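See below for the structure under consideration.
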Amino acid sequence: MQRFLAFVSLGLLAATAVRAQLTVSTGSAVVEESIGGTVTLDCSYTLTSTYTVREIKWYRLEDAIRDPVLIYDYDEGTAYAYGLYRNRASLVTANAADQDASLRLTNMQFTDNGTYECVVGARGSGVAPQEDSVTMELVAWVAPNDPMITDDYQSNTNNLTLTCTAYTGNPAANLTWYRDGTRIYNDRSQILTSWRGYLDAQSTISVIVNTGQSSRFECRAQHPAFTVQQTASVRIESPVVSSIDVSPIPTEQNPLQELDDVILTCMTQEGIVPEPTYTWQLDGGQVPASAQRYNNQLKIFSAQVEDSGTYTCTAESEFGTSQREVVIEIIPGEGPGPAPQGGVPAGTVVGIVVAVLAVVAVLGVIGFVCWRRRRSDELPVPKESPDEPAAVVSTEPEEGKEEEKLNLMEEKKEEDPEEVKVETQGEGHAEVAKKPDPDSTA
């Protein structure tokens with residue numbers, strides 16, 4: 001029994017020695033780099049003197065499938081890169097004496113994320129071929145968008161919910177909250193998978209606030225692709241309307257004219273919560289019917305002289321109210337033709353012209369339809385032909401017909417006296433007179 005165990009031990013040692021002829025290793029199990037950069041996947045190997053390297057193969061592993069990246073054949077001295085890795089993947093060195101199988105990947109893409117396998121094959125004289133491999137993770141850094149904060153304020157409970165999101169990163173950004181410079185730890189964080197596999201980082205906090213209170217909340221985003229952390233902040237306070245901006249900016253040389261599109265913007269503090277609501281008035285009443293409201297803007301399309309006046313913007317939230325005024329003057333437009341008589345606004349003249357053209361177009365369509373209908377009524381309607389044509393019945397008397405027939409025969413006889421057919425009245429009996437043949441004998 002002892003001899004048998006010794007024999008097995010020697011066999012295992014021999015097998016281990018054979019396998020140890022080739023060893024493949026990596027210096028880093030995880031490699032990270034920003035997209036667009038150049039990355040090196042480290043892979044090295046050791047061989048005994050009885051073996052020489054035969055080939056180096058790189059694969060990307062996904063769902064137990066080995067997708068080839070690059071294969072280098074030392075017998076032929078050529079390397080072949082596959083698919084999306086063409087012109088991007090290459091060996092750091094092909095010198096077998098360096099015992100280096102590292103892969104260099106340029107212009108790194110987000111799709112390069114994944115697990116990679118380095119395989120080295122070796123052979124020796126009189127011994128079985130050897131092959132060993134090692135795997136590593138490649139992480140392509142994608143810088144996320146700057147963080148954004150959305151708010152939801154419940155006035156009945158004074159509860160304010162703030163959500164900070166940093167979209168489309170890889171890996172997801174690390175988000176932290178601060179209130180007036182003090183770290184908030186009771187946030188709720190989650191990572192969402194978004195478009196094309198990018199990661200959205202999201203963090204939410206809920207706080208109780210008072211209407212007489214002013215606080216500043218800040219969301220800080222950290223990411224390996226950021227050189228400095230990115231921040232977004234909001235402030236809880238009463239809105240204050242600082243000014244109303246007018247676009248285009250009226251000047252003495254270029255005043256606002258009729259048919260101009262005028263935009264009024266109500267300027268308040270940036271990043272205040274709750275978000276105030278904005279209302280507009282013209283001379284204390286309704287704004288022009290052509291005006292449209294959008295957030296803190298009022299857009300007046302094709303402004304008219306009667307749209308001139310004092311515009312008031314009111315910003316209001318549960319924390320306070322603020323308003324501001326601006327005077328807008330619209331002057332008559334300077335058209336190429338003479339000014340309308342009787343003080344009719346240019347916009348009214350344009351409206352009349354458009355209405356007249358519309359009426360003319362409608363009348364033209366009606367006239368065309370009537371003309372087509374009249375043409376269709378005038379076209380002859382073909383009668384249906386019977387299977388057999390009806391007989392034509394002559395109303396001429398029989399005597400006139402016989403006389404006319406005899407006259408026609410006389411004319412034919414004079415033209416071609418070769419053969420004349422004479423039909424006599426009676427039972428339809430006819431005689432044929434022939435011209436004698438001069439060559440015939442009597």
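Residues are named by chain letter and number: chains run A, B, ... in the order of the structure tokens, numbers start at 1 in each chain, and ligands are numbered from 1 in the order shown.
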Distance query Asp151 (chain A) at most 10 Å, only C-alpha atoms, self and fewer than 5 positions along chain excluded, as a JSON list (two decimals) with N, CA, C and O atoms, in the first residue's frame:
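Wrote around35.json, looks like this:
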[["chain", "number", "residue", "atom", "x", "y", "z"],
["A", 160, "LEU", "N", -40.43, 69.08, 2.26],
["A", 160, "LEU", "CA", -39.73, 69.35, 1.01],
["A", 160, "LEU", "C", -38.90, 68.14, 0.62],
["A", 160, "LEU", "O", -38.05, 67.68, 1.39],
["A", 161, "THR", "N", -39.16, 67.62, -0.57],
["A", 161, "THR", "CA", -38.40, 66.47, -1.10],
["A", 161, "THR", "C", -37.51, 66.96, -2.24],
["A", 161, "THR", "O", -37.99, 67.56, -3.21],
["A", 162, "LEU", "N", -36.21, 66.70, -2.11],
["A", 162, "LEU", "CA", -35.24, 67.09, -3.12],
["A", 162, "LEU", "C", -34.60, 65.83, -3.69],
["A", 162, "LEU", "O", -34.17, 64.95, -2.95],
["A", 163, "THR", "N", -34.53, 65.74, -5.02],
["A", 163, "THR", "CA", -33.93, 64.60, -5.70],
["A", 163, "THR", "C", -32.80, 65.09, -6.59],
["A", 163, "THR", "O", -32.99, 65.98, -7.43],
["A", 164, "CYS", "N", -31.62, 64.51, -6.40],
["A", 164, "CYS", "CA", -30.44, 64.85, -7.19],
["A", 164, "CYS", "C", -30.12, 63.67, -8.11],
["A", 164, "CYS", "O", -30.07, 62.52, -7.66],
["A", 204, "THR", "N", -32.10, 61.03, -2.89],
["A", 204, "THR", "CA", -33.28, 61.80, -2.48],
["A", 204, "THR", "C", -33.23, 62.05, -0.98],
["A", 204, "THR", "O", -32.87, 61.16, -0.19],
["A", 205, "ILE", "N", -33.60, 63.28, -0.61],
["A", 205, "ILE", "CA", -33.72, 63.64, 0.81],
["A", 205, "ILE", "C", -35.08, 64.29, 1.03],
["A", 205, "ILE", "O", -35.66, 64.89, 0.11],
["A", 206, "SER", "N", -35.61, 64.15, 2.25],
["A", 206, "SER", "CA", -36.86, 64.81, 2.65],
["A", 206, "SER", "C", -36.62, 65.57, 3.95],
["A", 206, "SER", "O", -36.09, 64.99, 4.92],
["A", 234, "VAL", "N", -29.73, 74.41, -4.39],
["A", 234, "VAL", "CA", -30.99, 75.15, -4.35],
["A", 234, "VAL", "C", -31.06, 75.88, -3.03],
["A", 234, "VAL", "O", -30.41, 75.50, -2.05],
["A", 272, "ILE", "N", -34.10, 78.67, -6.64],
["A", 272, "ILE", "CA", -34.89, 78.79, -5.42],
["A", 272, "ILE", "C", -35.98, 77.73, -5.42],
["A", 272, "ILE", "O", -36.51, 77.34, -6.47],
["A", 273, "VAL", "N", -36.31, 77.22, -4.25],
["A", 273, "VAL", "CA", -37.39, 76.26, -4.08],
["A", 273, "VAL", "C", -38.23, 76.73, -2.89],
["A", 273, "VAL", "O", -37.69, 77.33, -1.93],
["A", 274, "PRO", "N", -39.54, 76.46, -2.92],
["A", 274, "PRO", "CA", -40.28, 75.86, -4.03],
["A", 274, "PRO", "C", -40.25, 76.79, -5.27],
["A", 274, "PRO", "O", -40.11, 78.00, -5.14],
["A", 275, "GLU", "N", -40.40, 76.20, -6.46],
["A", 275, "GLU", "CA", -40.40, 76.97, -7.69],
["A", 275, "GLU", "C", -41.60, 77.92, -7.69],
["A", 275, "GLU", "O", -42.74, 77.49, -7.52]]
Neighbour list for region 87-91 of chain A as a ChimeraX atom specification, cut-off 6 Å, only C-alpha atoms, skip fewer than 3 positions in-chain: /A:102-106
If you keep N, CA and C atoms, can you produce a file of those selected residues as a compact mmCIF listing (two decimals), in the first residue's frame?
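Contents of again-v4.txt, freshly written:
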# COMPACT_ATOMS: atom_id res chain seq x y z
N SER A 102 1.08 41.59 -23.07
CA SER A 102 0.14 42.67 -22.76
C SER A 102 -0.51 43.21 -24.03
N LEU A 103 -1.77 43.64 -23.85
CA LEU A 103 -2.58 44.16 -24.96
C LEU A 103 -2.74 45.66 -24.81
N ARG A 104 -2.51 46.40 -25.90
CA ARG A 104 -2.73 47.84 -25.91
C ARG A 104 -4.00 48.12 -26.73
N LEU A 105 -4.92 48.91 -26.14
CA LEU A 105 -6.20 49.23 -26.78
C LEU A 105 -6.33 50.75 -26.84
N THR A 106 -6.45 51.28 -28.07
CA THR A 106 -6.54 52.73 -28.25
C THR A 106 -7.99 53.15 -28.48
Using only C-alpha atoms, determine which residues lie at most 10 Å from Leu61 (chain A), disregarding the query and same-chain residues fewer than 6 positions distant; provide the list as a PyMOL selection string. chain A and resi 67-68+114-117+135+137
Save out the residues we just selected, all heavy atoms, as a PDB file, in the first residue's frame.
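This is the output file out.pdb:
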ATOM      1  N   ASP A  67     -15.315  36.000 -27.338  1.00  0.00           N
ATOM      2  CA  ASP A  67     -15.217  36.768 -28.577  1.00  0.00           C
ATOM      3  C   ASP A  67     -13.753  37.132 -28.811  1.00  0.00           C
ATOM      4  O   ASP A  67     -13.126  37.781 -27.960  1.00  0.00           O
ATOM      5  CB  ASP A  67     -16.054  38.048 -28.490  1.00  0.00           C
ATOM      6  CG  ASP A  67     -17.539  37.749 -28.466  1.00  0.00           C
ATOM      7  OD1 ASP A  67     -17.936  36.753 -29.097  1.00  0.00           O
ATOM      8  OD2 ASP A  67     -18.284  38.505 -27.819  1.00  0.00           O
ATOM      9  N   PRO A  68     -13.167  36.715 -29.941  1.00  0.00           N
ATOM     10  CA  PRO A  68     -11.749  36.999 -30.177  1.00  0.00           C
ATOM     11  C   PRO A  68     -11.481  38.487 -30.330  1.00  0.00           C
ATOM     12  O   PRO A  68     -12.241  39.210 -30.979  1.00  0.00           O
ATOM     13  CB  PRO A  68     -11.444  36.230 -31.468  1.00  0.00           C
ATOM     14  CG  PRO A  68     -12.764  36.090 -32.148  1.00  0.00           C
ATOM     15  CD  PRO A  68     -13.791  35.981 -31.063  1.00  0.00           C
ATOM     16  N   GLY A 114     -15.906  45.126 -19.894  1.00  0.00           N
ATOM     17  CA  GLY A 114     -16.104  43.690 -19.758  1.00  0.00           C
ATOM     18  C   GLY A 114     -14.896  42.958 -19.222  1.00  0.00           C
ATOM     19  O   GLY A 114     -13.918  43.544 -18.755  1.00  0.00           O
ATOM     20  N   THR A 115     -14.978  41.623 -19.300  1.00  0.00           N
ATOM     21  CA  THR A 115     -13.919  40.738 -18.820  1.00  0.00           C
ATOM     22  C   THR A 115     -13.081  40.274 -20.003  1.00  0.00           C
ATOM     23  O   THR A 115     -13.621  39.827 -21.026  1.00  0.00           O
ATOM     24  CB  THR A 115     -14.522  39.517 -18.107  1.00  0.00           C
ATOM     25  OG1 THR A 115     -15.359  39.969 -17.033  1.00  0.00           O
ATOM     26  CG2 THR A 115     -13.437  38.616 -17.560  1.00  0.00           C
ATOM     27  N   TYR A 116     -11.768  40.356 -19.865  1.00  0.00           N
ATOM     28  CA  TYR A 116     -10.840  39.958 -20.922  1.00  0.00           C
ATOM     29  C   TYR A 116      -9.976  38.803 -20.434  1.00  0.00           C
ATOM     30  O   TYR A 116      -9.622  38.727 -19.252  1.00  0.00           O
ATOM     31  CB  TYR A 116      -9.967  41.138 -21.350  1.00  0.00           C
ATOM     32  CG  TYR A 116     -10.728  42.167 -22.138  1.00  0.00           C
ATOM     33  CD1 TYR A 116     -11.566  43.075 -21.502  1.00  0.00           C
ATOM     34  CD2 TYR A 116     -10.622  42.245 -23.523  1.00  0.00           C
ATOM     35  CE1 TYR A 116     -12.282  44.015 -22.215  1.00  0.00           C
ATOM     36  CE2 TYR A 116     -11.327  43.185 -24.254  1.00  0.00           C
ATOM     37  CZ  TYR A 116     -12.156  44.073 -23.594  1.00  0.00           C
ATOM     38  OH  TYR A 116     -12.863  45.007 -24.309  1.00  0.00           O
ATOM     39  N   GLU A 117      -9.628  37.920 -21.384  1.00  0.00           N
ATOM     40  CA  GLU A 117      -8.799  36.752 -21.078  1.00  0.00           C
ATOM     41  C   GLU A 117      -7.550  36.769 -21.951  1.00  0.00           C
ATOM     42  O   GLU A 117      -7.637  36.934 -23.174  1.00  0.00           O
ATOM     43  CB  GLU A 117      -9.579  35.459 -21.328  1.00  0.00           C
ATOM     44  CG  GLU A 117      -8.780  34.200 -21.001  1.00  0.00           C
ATOM     45  CD  GLU A 117      -9.549  32.936 -21.325  1.00  0.00           C
ATOM     46  OE1 GLU A 117     -10.462  32.994 -22.177  1.00  0.00           O
ATOM     47  OE2 GLU A 117      -9.228  31.881 -20.736  1.00  0.00           O
ATOM     48  N   THR A 135      -7.486  36.181 -16.437  1.00  0.00           N
ATOM     49  CA  THR A 135      -8.560  37.122 -16.776  1.00  0.00           C
ATOM     50  C   THR A 135      -8.424  38.410 -15.978  1.00  0.00           C
ATOM     51  O   THR A 135      -7.793  38.431 -14.908  1.00  0.00           O
ATOM     52  CB  THR A 135      -9.951  36.513 -16.512  1.00  0.00           C
ATOM     53  OG1 THR A 135     -10.060  36.187 -15.118  1.00  0.00           O
ATOM     54  CG2 THR A 135     -10.166  35.271 -17.356  1.00  0.00           C
ATOM     55  N   GLU A 137     -10.659  42.569 -15.510  1.00  0.00           N
ATOM     56  CA  GLU A 137     -11.814  43.413 -15.802  1.00  0.00           C
ATOM     57  C   GLU A 137     -11.360  44.761 -16.371  1.00  0.00           C
ATOM     58  O   GLU A 137     -10.409  45.368 -15.855  1.00  0.00           O
ATOM     59  CB  GLU A 137     -12.642  43.670 -14.542  1.00  0.00           C
ATOM     60  CG  GLU A 137     -13.374  42.456 -13.998  1.00  0.00           C
ATOM     61  CD  GLU A 137     -14.495  42.015 -14.919  1.00  0.00           C
ATOM     62  OE1 GLU A 137     -15.140  42.880 -15.540  1.00  0.00           O
ATOM     63  OE2 GLU A 137     -14.710  40.793 -15.022  1.00  0.00           O
TER      64      GLU A 137
END
For Met108 (chain A): contacts at 6 Å, only C-alpha atoms, fewer than 2 positions along chain excluded, given as a ChimeraX atom specification: /A:35-37,106
Since we have the selection now, will you write its residues out, keeping N, CA, C and O atoms, as a compact mmCIF listing (two decimals), in the first residue's frame?
# COMPACT_ATOMS: atom_id res chain seq x y z
N ILE A 35 -13.13 56.84 -21.57
CA ILE A 35 -13.35 56.56 -22.99
C ILE A 35 -12.58 57.59 -23.82
O ILE A 35 -12.40 58.73 -23.44
N GLY A 36 -12.10 57.10 -24.96
CA GLY A 36 -11.28 57.94 -25.82
C GLY A 36 -9.80 57.83 -25.54
O GLY A 36 -8.98 58.25 -26.37
N GLY A 37 -9.43 57.24 -24.40
CA GLY A 37 -8.03 57.12 -24.04
C GLY A 37 -7.43 55.81 -24.51
O GLY A 37 -8.05 55.01 -25.20
N THR A 106 -6.45 51.28 -28.07
CA THR A 106 -6.54 52.73 -28.25
C THR A 106 -7.99 53.15 -28.48
O THR A 106 -8.86 52.33 -28.81
Using only C-alpha atoms, which of A:Glu55, A:Asp63, A:Asp187, A:Asp152 sits nearest Ala122 (chain A)? A:Glu55
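When only C-alpha atoms are used to compute distances to Gly333 (chain A), the closest of the residues A:Asp42, A:Asp75, A:Glu316, A:Glu258 turns out to be A:Glu258.
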Write down as a PyMOL selection string the residues belonging to region 29-133 of chain A that are assigned strand (DSSP E or B) by DSSP computed on the backbone. chain A and resi 30-34+39-41+44-47+51-62+65-73+78-81+89-91+100+103-105+114-124+127-133
Compile the contact shell of Pro250 (chain A) as a VMD selection string: residues with an atom at most 12 Å away, counting only C-alpha atoms, same-chain residues fewer than 4 positions apart removed. chain A and resid 245 to 246 254 to 257 260 262 to 264 327 to 331
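The residue set within 6 Å of Leu282 (chain A), counting only C-alpha atoms and dropping same-chain residues fewer than 4 places from it, reads Gln286, Val287, Thr310 and Tyr311 of chain A.
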Spatial neighbours of Asn296 (chain A), 8 Å, only C-alpha atoms, chain gap at least 4 places, as a PDB file with all heavy atoms, in the first residue's frame:
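Once everything was written out, this is result_33.pdb:
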ATOM      1  N   THR A 265     -38.814  88.473 -19.866  1.00  0.00           N
ATOM      2  CA  THR A 265     -38.339  87.441 -18.940  1.00  0.00           C
ATOM      3  C   THR A 265     -38.292  88.001 -17.534  1.00  0.00           C
ATOM      4  O   THR A 265     -37.617  89.011 -17.276  1.00  0.00           O
ATOM      5  CB  THR A 265     -36.940  86.933 -19.340  1.00  0.00           C
ATOM      6  OG1 THR A 265     -36.971  86.466 -20.686  1.00  0.00           O
ATOM      7  CG2 THR A 265     -36.496  85.801 -18.428  1.00  0.00           C
ATOM      8  N   CYS A 266     -39.008  87.347 -16.626  1.00  0.00           N
ATOM      9  CA  CYS A 266     -39.063  87.774 -15.232  1.00  0.00           C
ATOM     10  C   CYS A 266     -37.879  87.135 -14.487  1.00  0.00           C
ATOM     11  O   CYS A 266     -37.828  85.915 -14.319  1.00  0.00           O
ATOM     12  CB  CYS A 266     -40.399  87.344 -14.628  1.00  0.00           C
ATOM     13  SG  CYS A 266     -40.782  88.112 -13.047  1.00  0.00           S
ATOM     14  N   MET A 267     -36.923  87.946 -14.055  1.00  0.00           N
ATOM     15  CA  MET A 267     -35.687  87.456 -13.459  1.00  0.00           C
ATOM     16  C   MET A 267     -35.812  87.360 -11.946  1.00  0.00           C
ATOM     17  O   MET A 267     -36.076  88.362 -11.264  1.00  0.00           O
ATOM     18  CB  MET A 267     -34.528  88.374 -13.833  1.00  0.00           C
ATOM     19  CG  MET A 267     -34.347  88.571 -15.333  1.00  0.00           C
ATOM     20  SD  MET A 267     -34.034  87.037 -16.209  1.00  0.00           S
ATOM     21  CE  MET A 267     -32.455  86.574 -15.486  1.00  0.00           C
ATOM     22  N   THR A 277     -44.569  80.525  -8.993  1.00  0.00           N
ATOM     23  CA  THR A 277     -45.435  80.655 -10.166  1.00  0.00           C
ATOM     24  C   THR A 277     -45.411  82.116 -10.608  1.00  0.00           C
ATOM     25  O   THR A 277     -45.266  83.035  -9.787  1.00  0.00           O
ATOM     26  CB  THR A 277     -46.866  80.230  -9.845  1.00  0.00           C
ATOM     27  OG1 THR A 277     -47.366  81.017  -8.751  1.00  0.00           O
ATOM     28  CG2 THR A 277     -46.913  78.757  -9.465  1.00  0.00           C
ATOM     29  N   TYR A 278     -45.578  82.334 -11.914  1.00  0.00           N
ATOM     30  CA  TYR A 278     -45.460  83.673 -12.485  1.00  0.00           C
ATOM     31  C   TYR A 278     -46.772  84.076 -13.148  1.00  0.00           C
ATOM     32  O   TYR A 278     -47.366  83.279 -13.899  1.00  0.00           O
ATOM     33  CB  TYR A 278     -44.328  83.720 -13.513  1.00  0.00           C
ATOM     34  CG  TYR A 278     -42.966  83.405 -12.941  1.00  0.00           C
ATOM     35  CD1 TYR A 278     -42.495  82.084 -12.888  1.00  0.00           C
ATOM     36  CD2 TYR A 278     -42.141  84.409 -12.436  1.00  0.00           C
ATOM     37  CE1 TYR A 278     -41.258  81.792 -12.359  1.00  0.00           C
ATOM     38  CE2 TYR A 278     -40.895  84.119 -11.905  1.00  0.00           C
ATOM     39  CZ  TYR A 278     -40.459  82.812 -11.868  1.00  0.00           C
ATOM     40  OH  TYR A 278     -39.230  82.513 -11.337  1.00  0.00           O
TER      41      TYR A 278
END
Rounded to one decimal in Å, what is the spacing between CA of Cys118 (chain A) and CA of Trp58 (chain A)? 4.8 Å
Point-to-point distance from CA of Cys219 (chain A) to CA of Trp177 (chain A), Å rounded to tenths: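 We find that CA of Cys219 (chain A) and CA of Trp177 (chain A) lie 4.7 Å from each other.
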Could you give me, as number ranges by chain, each residue of region 58-164 of chain A that DSSP assigns to helix (DSSP H, G or I) when run on this structure's backbone? A: 83-85, 96-98, 110-112
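Between CA of Thr26 (chain A) and CA of Val134 (chain A) lies a distance of 6.9 Å.
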